[in-house]
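Next comes input-v8.cif, with mmCIF, C-alpha atoms and all ligand atoms.
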```
data_model
#
loop_
_atom_site.label_atom_id
_atom_site.label_comp_id
_atom_site.auth_asym_id
_atom_site.auth_seq_id
_atom_site.Cartn_x
_atom_site.Cartn_y
_atom_site.Cartn_z
CA MET R 1158 0.00 0.00 0.00
CA LYS R 1159 1.27 3.47 -0.86
CA THR R 1160 2.23 5.74 2.01
CA THR R 1161 -0.30 8.50 2.34
CA LEU R 1162 1.29 11.92 2.46
CA PHE R 1163 -1.53 14.19 3.26
CA THR R 1164 -1.38 13.10 6.86
CA ALA R 1165 -3.43 14.40 9.74
CA ALA R 1166 -0.32 16.30 10.87
CA THR R 1167 0.03 17.99 7.48
CA LEU R 1168 -3.64 18.91 7.51
CA ALA R 1169 -3.39 20.27 11.05
CA PHE R 1170 -0.33 22.31 10.07
CA ALA R 1171 -2.06 23.73 6.99
CA THR R 1172 -5.11 24.59 9.07
CA TRP R 1173 -2.90 26.27 11.67
CA CYS R 1174 -1.27 28.36 8.92
CA SER R 1175 -4.65 29.46 7.64
CA ALA R 1176 -5.87 30.33 11.10
CA GLU R 1177 -2.68 32.24 11.96
CA THR R 1178 -2.42 34.32 8.84
CA ASN R 1179 -6.00 34.32 7.60
CA THR R 1180 -5.17 33.99 3.91
CA PRO R 1181 -1.50 33.00 3.81
CA ALA R 1182 0.35 33.98 0.65
CA ILE R 1183 2.96 31.30 1.32
CA THR R 1184 1.83 27.79 2.26
CA PHE R 1185 3.30 24.32 2.68
CA GLN R 1186 1.56 22.19 0.08
CA PRO R 1187 1.14 18.40 0.32
CA LEU R 1188 3.25 16.33 -2.03
CA PRO R 1189 1.28 15.43 -5.17
CA TYR R 1190 2.21 11.72 -4.73
CA ALA R 1191 3.18 9.22 -2.03
CA TYR R 1192 6.70 8.97 -0.59
CA ASP R 1193 7.28 5.64 -2.36
CA ALA R 1194 5.65 6.67 -5.65
CA LEU R 1195 8.94 7.54 -7.37
CA GLU R 1196 10.65 4.22 -6.51
CA PRO R 1197 13.04 2.92 -7.66
CA HIS R 1198 14.40 6.23 -8.94
CA ILE R 1199 13.98 8.07 -5.64
CA ASP R 1200 13.50 5.88 -2.57
CA ALA R 1201 10.69 6.42 -0.07
CA LYS R 1202 12.99 7.20 2.87
CA THR R 1203 14.79 9.93 0.94
CA MET R 1204 11.46 11.42 -0.13
CA GLU R 1205 10.11 11.39 3.41
CA ILE R 1206 13.17 13.05 4.93
CA HIS R 1207 13.57 15.47 2.04
CA TYR R 1208 9.95 16.66 2.10
CA SER R 1209 8.92 16.40 5.76
CA ARG R 1210 12.20 17.60 7.30
CA HIS R 1211 14.38 19.53 4.84
CA HIS R 1212 11.63 21.20 2.85
CA LYS R 1213 9.37 21.79 5.83
CA ALA R 1214 12.24 23.45 7.71
CA TYR R 1215 12.73 25.90 4.82
CA PHE R 1216 9.01 26.71 4.94
CA THR R 1217 8.93 27.21 8.72
CA ASN R 1218 12.09 29.31 8.63
CA THR R 1219 10.71 31.38 5.74
CA LEU R 1220 7.79 32.49 7.90
CA LYS R 1221 10.21 33.36 10.71
CA ALA R 1222 12.56 35.25 8.36
CA LEU R 1223 9.67 37.29 6.93
CA GLU R 1224 8.39 38.36 10.35
CA GLY R 1225 8.75 42.10 10.83
CA THR R 1226 9.58 42.78 7.16
CA ASP R 1227 7.39 44.48 4.57
CA LEU R 1228 7.20 41.15 2.73
CA VAL R 1229 4.53 39.61 4.95
CA GLY R 1230 1.47 38.80 2.83
CA LYS R 1231 3.41 38.83 -0.46
CA THR R 1232 3.71 35.73 -2.66
CA MET R 1233 7.04 34.02 -3.32
CA GLU R 1234 6.82 35.11 -6.96
CA ALA R 1235 6.53 38.74 -5.84
CA ILE R 1236 9.45 38.46 -3.41
CA LEU R 1237 12.01 36.57 -5.54
CA PRO R 1238 12.77 39.45 -7.98
CA ILE R 1239 13.60 41.80 -5.06
CA ILE R 1240 15.12 39.28 -2.65
CA GLY R 1241 18.64 40.73 -2.86
CA LYS R 1242 17.49 43.70 -0.75
CA TYR R 1243 16.67 41.47 2.22
CA PRO R 1244 18.71 39.48 4.77
CA ALA R 1245 20.35 36.19 3.77
CA ALA R 1246 17.82 34.28 5.91
CA VAL R 1247 15.02 35.40 3.56
CA ARG R 1248 17.01 34.46 0.43
CA ASN R 1249 18.10 31.06 1.77
CA ASN R 1250 14.81 29.93 3.29
CA LEU R 1251 12.32 31.36 0.84
CA GLY R 1252 14.57 30.13 -1.97
CA GLY R 1253 14.59 26.68 -0.37
CA HIS R 1254 10.82 26.64 -0.04
CA TYR R 1255 10.22 27.83 -3.61
CA ASN R 1256 12.80 25.49 -5.16
CA HIS R 1257 11.53 22.38 -3.39
CA THR R 1258 7.88 23.15 -4.17
CA PHE R 1259 8.90 23.59 -7.81
CA PHE R 1260 11.02 20.41 -7.83
CA TRP R 1261 8.15 18.21 -6.55
CA SER R 1262 5.88 19.58 -9.26
CA CYS R 1263 8.35 18.55 -11.98
CA LEU R 1264 8.21 14.87 -10.93
CA SER R 1265 5.60 12.16 -11.45
CA PRO R 1266 5.36 8.39 -10.94
CA LYS R 1267 4.07 8.32 -14.53
CA GLY R 1268 6.90 10.51 -15.76
CA GLY R 1269 9.73 9.99 -18.20
CA GLY R 1270 9.91 9.90 -21.96
CA GLN R 1271 10.21 13.12 -23.90
CA PRO R 1272 8.31 16.37 -24.25
CA THR R 1273 6.22 16.85 -27.38
CA GLY R 1274 5.11 19.64 -29.71
CA VAL R 1275 6.59 23.11 -29.59
CA LEU R 1276 8.67 22.42 -26.48
CA LEU R 1277 10.43 19.47 -28.14
CA GLU R 1278 11.02 21.58 -31.26
CA LYS R 1279 12.50 24.38 -29.14
CA ILE R 1280 14.75 21.92 -27.28
CA ASN R 1281 15.94 20.43 -30.56
CA ASN R 1282 16.62 23.88 -31.99
CA ALA R 1283 18.40 25.15 -28.89
CA PHE R 1284 20.57 22.13 -28.12
CA GLY R 1285 20.69 20.14 -31.39
CA SER R 1286 18.67 17.13 -30.17
CA PHE R 1287 16.89 15.83 -27.10
CA ASP R 1288 19.93 13.69 -26.23
CA ALA R 1289 22.23 16.69 -26.55
CA PHE R 1290 19.90 18.63 -24.23
CA LYS R 1291 20.12 15.78 -21.67
CA GLU R 1292 23.92 15.90 -21.90
CA ALA R 1293 24.02 19.66 -21.36
CA PHE R 1294 21.56 19.50 -18.46
CA LYS R 1295 23.56 16.71 -16.82
CA LYS R 1296 26.75 18.71 -17.24
CA ALA R 1297 25.14 21.67 -15.43
CA ALA R 1298 23.96 19.37 -12.63
CA MET R 1299 27.36 17.68 -12.31
CA SER R 1300 29.44 20.85 -12.47
CA ARG R 1301 27.56 22.59 -9.66
CA PHE R 1302 30.21 22.45 -6.94
CA GLY R 1303 28.75 21.66 -3.51
CA SER R 1304 25.00 22.12 -3.15
CA GLY R 1305 22.58 23.63 -5.63
CA TRP R 1306 20.24 23.17 -8.55
CA ALA R 1307 20.24 22.78 -12.36
CA TRP R 1308 17.46 24.45 -14.33
CA LEU R 1309 15.90 24.61 -17.78
CA CYS R 1310 14.53 28.11 -18.27
CA VAL R 1311 12.78 30.33 -20.78
CA ALA R 1312 14.55 33.66 -21.34
CA GLN R 1313 12.72 36.96 -21.86
CA ASP R 1314 13.29 36.61 -25.63
CA GLY R 1315 11.61 33.18 -25.63
CA SER R 1316 14.81 31.15 -26.02
CA LEU R 1317 15.60 28.16 -23.80
CA PHE R 1318 18.71 28.01 -21.66
CA ILE R 1319 20.24 25.77 -18.99
CA THR R 1320 21.76 27.23 -15.85
CA SER R 1321 22.69 26.16 -12.37
CA THR R 1322 22.41 28.02 -9.08
CA PRO R 1323 24.26 27.55 -5.78
CA ASN R 1324 22.65 26.87 -2.39
CA GLN R 1325 18.96 27.83 -2.56
CA ASP R 1326 19.21 30.53 -5.23
CA ASN R 1327 17.11 30.37 -8.38
CA PRO R 1328 16.82 32.14 -11.76
CA LEU R 1329 13.86 34.26 -10.63
CA MET R 1330 16.03 36.07 -8.07
CA ASP R 1331 17.46 39.50 -8.82
CA ILE R 1332 20.88 38.25 -7.69
CA ALA R 1333 20.91 35.31 -10.16
CA GLU R 1334 23.77 35.24 -12.64
CA LYS R 1335 21.33 34.23 -15.42
CA LYS R 1336 17.69 35.21 -15.06
CA GLY R 1337 14.69 33.52 -16.66
CA THR R 1338 11.49 31.59 -16.03
CA PRO R 1339 12.19 28.06 -14.78
CA ILE R 1340 10.32 25.15 -16.37
CA LEU R 1341 12.36 22.19 -15.06
CA VAL R 1342 14.73 21.66 -12.15
CA ILE R 1343 16.81 19.02 -10.41
CA ASP R 1344 17.92 19.28 -6.79
CA VAL R 1345 21.59 18.27 -6.54
CA TRP R 1346 22.02 18.79 -2.82
CA GLU R 1347 23.34 15.52 -1.35
CA HIS R 1348 20.22 15.20 0.80
CA ALA R 1349 18.28 14.62 -2.47
CA TYR R 1350 20.10 11.38 -3.31
CA TYR R 1351 22.70 10.29 -0.77
CA LEU R 1352 20.76 7.44 0.94
CA LYS R 1353 20.33 5.56 -2.35
CA TYR R 1354 23.14 6.82 -4.56
CA GLN R 1355 25.75 7.85 -1.95
CA ASN R 1356 28.33 9.99 -3.76
CA LEU R 1357 27.12 9.01 -7.26
CA ARG R 1358 25.36 12.19 -8.30
CA ALA R 1359 25.62 11.14 -11.96
CA SER R 1360 23.48 8.03 -11.32
CA PHE R 1361 20.83 10.16 -9.63
CA VAL R 1362 20.78 12.56 -12.59
CA ASP R 1363 20.47 9.61 -15.00
CA SER R 1364 17.47 8.27 -13.01
CA PHE R 1365 15.83 11.70 -12.95
CA TRP R 1366 14.86 11.37 -16.64
CA ASN R 1367 12.49 8.50 -15.74
CA ILE R 1368 10.32 10.63 -13.44
CA ILE R 1369 10.04 13.99 -15.19
CA ASN R 1370 6.46 15.19 -15.52
CA TRP R 1371 6.78 16.48 -19.10
CA PRO R 1372 3.09 17.51 -19.49
CA HIS R 1373 3.60 19.81 -16.47
CA VAL R 1374 6.90 21.14 -17.86
CA GLN R 1375 5.08 21.74 -21.15
CA SER R 1376 2.36 23.74 -19.38
CA LEU R 1377 5.02 25.85 -17.58
CA PHE R 1378 6.70 26.48 -20.94
CA GLU R 1379 3.40 27.60 -22.54
CA GLN R 1380 2.67 29.87 -19.58
CA ALA R 1381 6.15 31.41 -19.81
CA GLU R 1382 5.66 32.06 -23.53
CA LYS R 1383 2.32 33.77 -22.89
CA THR R 1384 3.76 35.91 -20.10
CA ASN R 1385 6.72 36.92 -22.28
CA LYS R 1386 4.33 37.96 -25.08
CA THR R 1387 2.33 40.17 -22.74
CA THR R 1388 5.36 41.77 -21.07
CA THR R 1389 7.70 42.22 -24.06
CA PRO R 1390 7.18 45.66 -25.66
CA GLN R 1391 6.07 45.37 -29.31
CA LYS R 1392 8.33 47.07 -31.91
FE FE A 1 16.53 19.52 -1.40
#
```

For this file, produce the structure as structure tokens.
Amino acid sequence: MKTTLFTAATLAFATWCSAETNTPAITFQPLPYAYDALEPHIDAKTMEIHYSRHHKAYFTNTLKALEGTDLVGKTMEAILPIIGKYPAAVRNNLGGHYNHTFFWSCLSPKGGGQPTGVLLEKINNAFGSFDAFKEAFKKAAMSRFGSGWAWLCVAQDGSLFITSTPNQDNPLMDIAEKKGTPILVIDVWEHAYYLKYQNLRASFVDSFWNIINWPHVQSLFEQAEKTNKTTTPQK
């Protein structure tokens, strides 16, 4: 039987958040699948610790870090582009909460395969082929020294690019080296893979391709294209 994730404790916590802040702009969402749903690619124990301890700590510490700032009541999407003006605790914890929420959404027990349609065309055009894209993405994930993330993003001009960020930074932050709208991410902190893969980050990255929720990535890509069209000034 699959482990149920939306536990009574999670529900109680979510209810507490709602009661405390009335309509919280930042919430801790249940995982969209069970802890063991991504086996054998990500083991249940890693998922449980990663979500219920690491991720939850970022969420709890985000609320603490925001206390007393003018950011209370704002969404993560509103805060990320101005995060460089605030203390490191805001950047590290809100980044951690956003990145993990985003990471879970990119995965699915029914994942894998390839994207289709315009996204596949764009990937082929940008990187040469889907396999070449996988190579480049893996290189970004492997070359991130220490802890961080590798991303596929849509730039303001509509082009796709791969980047990686250290710690809990992401490409939506004003302090990011390369800014864009993320549509896919992999967490390459050791806590994401060490129990199963130990030091073999490359094996974890290779397994990641089997659990990518491409229909979701596709919808993020379409949304990014629409947003770019409405925000890019027409010549
Ligand atoms: Fe993580």

Taking into account only C-alpha atoms and all ligand atoms, which residue in the set R:Asn1249, R:Thr1226, R:Gln1325, R:Gln1186 is nearest to ligand FE 1 (chain A)?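 Checking each of R:Asn1249, R:Thr1226, R:Gln1325, R:Gln1186 against ligand FE 1 (chain A), counting only C-alpha atoms and all ligand atoms, the winner is R:Gln1325.
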
Dump the neighbourhood of ligand FE 1 (chain A) as a ChimeraX atom specification: all residues within 9 Å, distances computed on only C-alpha atoms and all ligand atoms. /R:1207-1208,1211-1212,1253,1256-1257,1260,1305-1306,1325,1344-1349

Hey, can you check how far CA of Thr1258 (chain R) sits from CA of Glu1334 (chain R)? 21.7 Å

Give me the residues within 10 Å of Lys1231 (chain R) as number ranges by chain, counting all atoms listed in the file and dropping any in the same chain fewer than 3 places off. R: 1181-1183, 1223, 1227-1228, 1234-1236

Rounded to one decimal place, report the CA of Pro1189 (chain R)-CA of Asn1281 (chain R) distance in Å.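 So the answer is 29.7 Å.
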
Between CA of Leu1309 (chain R) and CA of Ile1280 (chain R) - distance in Å to one decimal: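 Result for CA of Ile1280 (chain R) versus CA of Leu1309 (chain R): 9.9 Å, one decimal.
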
Would you give the centre and edge lengths, in Å to one decimal, of a box along x, y and z around the listed atoms of region 1361-1366 of chain R, with 6 Å added to each side, as lines of an AutoDock Vina configuration file?
```
center_x = 17.8
center_y = 10.4
center_z = -13.1
size_x = 18.0
size_y = 16.3
size_z = 19.0
```

For Ser1262 (chain R), the closest of R:Thr1320, R:Ser1376, R:Thr1384, R:Gln1355 counting only C-alpha atoms is R:Ser1376

Selected residue of minimal separation from Ala1293 (chain R) among R:Val1362, R:Asp1193, R:Asn1385, R:Lys1335, counting only C-alpha atoms: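 Closest to Ala1293 (chain R) of all the choices is R:Val1362.
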
Grab region 1216-1301 of chain R from that structure and dump C-alpha atoms to a file, as a PDB file, in the first residue's frame.
```pdb
ATOM      1  CA  PHE R1216       9.013  26.713   4.943  1.00  0.00           C
ATOM      2  CA  THR R1217       8.932  27.213   8.723  1.00  0.00           C
ATOM      3  CA  ASN R1218      12.093  29.315   8.627  1.00  0.00           C
ATOM      4  CA  THR R1219      10.713  31.378   5.737  1.00  0.00           C
ATOM      5  CA  LEU R1220       7.788  32.491   7.896  1.00  0.00           C
ATOM      6  CA  LYS R1221      10.210  33.363  10.706  1.00  0.00           C
ATOM      7  CA  ALA R1222      12.557  35.246   8.356  1.00  0.00           C
ATOM      8  CA  LEU R1223       9.668  37.290   6.928  1.00  0.00           C
ATOM      9  CA  GLU R1224       8.390  38.356  10.353  1.00  0.00           C
ATOM     10  CA  GLY R1225       8.751  42.101  10.833  1.00  0.00           C
ATOM     11  CA  THR R1226       9.582  42.778   7.161  1.00  0.00           C
ATOM     12  CA  ASP R1227       7.389  44.485   4.568  1.00  0.00           C
ATOM     13  CA  LEU R1228       7.203  41.147   2.735  1.00  0.00           C
ATOM     14  CA  VAL R1229       4.526  39.614   4.954  1.00  0.00           C
ATOM     15  CA  GLY R1230       1.470  38.799   2.834  1.00  0.00           C
ATOM     16  CA  LYS R1231       3.412  38.828  -0.455  1.00  0.00           C
ATOM     17  CA  THR R1232       3.713  35.730  -2.659  1.00  0.00           C
ATOM     18  CA  MET R1233       7.039  34.025  -3.319  1.00  0.00           C
ATOM     19  CA  GLU R1234       6.825  35.108  -6.963  1.00  0.00           C
ATOM     20  CA  ALA R1235       6.527  38.741  -5.836  1.00  0.00           C
ATOM     21  CA  ILE R1236       9.454  38.463  -3.414  1.00  0.00           C
ATOM     22  CA  LEU R1237      12.010  36.571  -5.543  1.00  0.00           C
ATOM     23  CA  PRO R1238      12.767  39.455  -7.985  1.00  0.00           C
ATOM     24  CA  ILE R1239      13.601  41.800  -5.058  1.00  0.00           C
ATOM     25  CA  ILE R1240      15.120  39.280  -2.653  1.00  0.00           C
ATOM     26  CA  GLY R1241      18.644  40.735  -2.862  1.00  0.00           C
ATOM     27  CA  LYS R1242      17.491  43.702  -0.754  1.00  0.00           C
ATOM     28  CA  TYR R1243      16.668  41.474   2.224  1.00  0.00           C
ATOM     29  CA  PRO R1244      18.712  39.481   4.771  1.00  0.00           C
ATOM     30  CA  ALA R1245      20.348  36.193   3.769  1.00  0.00           C
ATOM     31  CA  ALA R1246      17.820  34.279   5.909  1.00  0.00           C
ATOM     32  CA  VAL R1247      15.025  35.405   3.556  1.00  0.00           C
ATOM     33  CA  ARG R1248      17.007  34.462   0.434  1.00  0.00           C
ATOM     34  CA  ASN R1249      18.097  31.061   1.773  1.00  0.00           C
ATOM     35  CA  ASN R1250      14.809  29.930   3.294  1.00  0.00           C
ATOM     36  CA  LEU R1251      12.322  31.361   0.838  1.00  0.00           C
ATOM     37  CA  GLY R1252      14.570  30.127  -1.974  1.00  0.00           C
ATOM     38  CA  GLY R1253      14.587  26.684  -0.368  1.00  0.00           C
ATOM     39  CA  HIS R1254      10.815  26.642  -0.039  1.00  0.00           C
ATOM     40  CA  TYR R1255      10.222  27.835  -3.608  1.00  0.00           C
ATOM     41  CA  ASN R1256      12.798  25.492  -5.160  1.00  0.00           C
ATOM     42  CA  HIS R1257      11.526  22.378  -3.385  1.00  0.00           C
ATOM     43  CA  THR R1258       7.877  23.146  -4.171  1.00  0.00           C
ATOM     44  CA  PHE R1259       8.902  23.594  -7.809  1.00  0.00           C
ATOM     45  CA  PHE R1260      11.016  20.405  -7.833  1.00  0.00           C
ATOM     46  CA  TRP R1261       8.150  18.208  -6.551  1.00  0.00           C
ATOM     47  CA  SER R1262       5.880  19.585  -9.261  1.00  0.00           C
ATOM     48  CA  CYS R1263       8.352  18.550 -11.983  1.00  0.00           C
ATOM     49  CA  LEU R1264       8.214  14.869 -10.934  1.00  0.00           C
ATOM     50  CA  SER R1265       5.603  12.161 -11.453  1.00  0.00           C
ATOM     51  CA  PRO R1266       5.359   8.388 -10.942  1.00  0.00           C
ATOM     52  CA  LYS R1267       4.075   8.317 -14.529  1.00  0.00           C
ATOM     53  CA  GLY R1268       6.903  10.513 -15.762  1.00  0.00           C
ATOM     54  CA  GLY R1269       9.726   9.992 -18.199  1.00  0.00           C
ATOM     55  CA  GLY R1270       9.914   9.900 -21.965  1.00  0.00           C
ATOM     56  CA  GLN R1271      10.210  13.124 -23.904  1.00  0.00           C
ATOM     57  CA  PRO R1272       8.305  16.370 -24.255  1.00  0.00           C
ATOM     58  CA  THR R1273       6.220  16.854 -27.379  1.00  0.00           C
ATOM     59  CA  GLY R1274       5.109  19.639 -29.705  1.00  0.00           C
ATOM     60  CA  VAL R1275       6.593  23.113 -29.589  1.00  0.00           C
ATOM     61  CA  LEU R1276       8.667  22.420 -26.480  1.00  0.00           C
ATOM     62  CA  LEU R1277      10.427  19.470 -28.137  1.00  0.00           C
ATOM     63  CA  GLU R1278      11.016  21.575 -31.264  1.00  0.00           C
ATOM     64  CA  LYS R1279      12.497  24.375 -29.144  1.00  0.00           C
ATOM     65  CA  ILE R1280      14.747  21.925 -27.282  1.00  0.00           C
ATOM     66  CA  ASN R1281      15.944  20.426 -30.559  1.00  0.00           C
ATOM     67  CA  ASN R1282      16.617  23.883 -31.986  1.00  0.00           C
ATOM     68  CA  ALA R1283      18.397  25.152 -28.890  1.00  0.00           C
ATOM     69  CA  PHE R1284      20.573  22.128 -28.122  1.00  0.00           C
ATOM     70  CA  GLY R1285      20.692  20.135 -31.386  1.00  0.00           C
ATOM     71  CA  SER R1286      18.674  17.126 -30.174  1.00  0.00           C
ATOM     72  CA  PHE R1287      16.892  15.827 -27.100  1.00  0.00           C
ATOM     73  CA  ASP R1288      19.933  13.685 -26.233  1.00  0.00           C
ATOM     74  CA  ALA R1289      22.230  16.694 -26.551  1.00  0.00           C
ATOM     75  CA  PHE R1290      19.900  18.628 -24.229  1.00  0.00           C
ATOM     76  CA  LYS R1291      20.119  15.783 -21.671  1.00  0.00           C
ATOM     77  CA  GLU R1292      23.918  15.898 -21.897  1.00  0.00           C
ATOM     78  CA  ALA R1293      24.019  19.656 -21.356  1.00  0.00           C
ATOM     79  CA  PHE R1294      21.563  19.495 -18.459  1.00  0.00           C
ATOM     80  CA  LYS R1295      23.558  16.710 -16.818  1.00  0.00           C
ATOM     81  CA  LYS R1296      26.754  18.713 -17.241  1.00  0.00           C
ATOM     82  CA  ALA R1297      25.139  21.674 -15.435  1.00  0.00           C
ATOM     83  CA  ALA R1298      23.958  19.368 -12.633  1.00  0.00           C
ATOM     84  CA  MET R1299      27.364  17.683 -12.314  1.00  0.00           C
ATOM     85  CA  SER R1300      29.439  20.848 -12.469  1.00  0.00           C
ATOM     86  CA  ARG R1301      27.559  22.588  -9.657  1.00  0.00           C
TER      87      ARG R1301
END
```
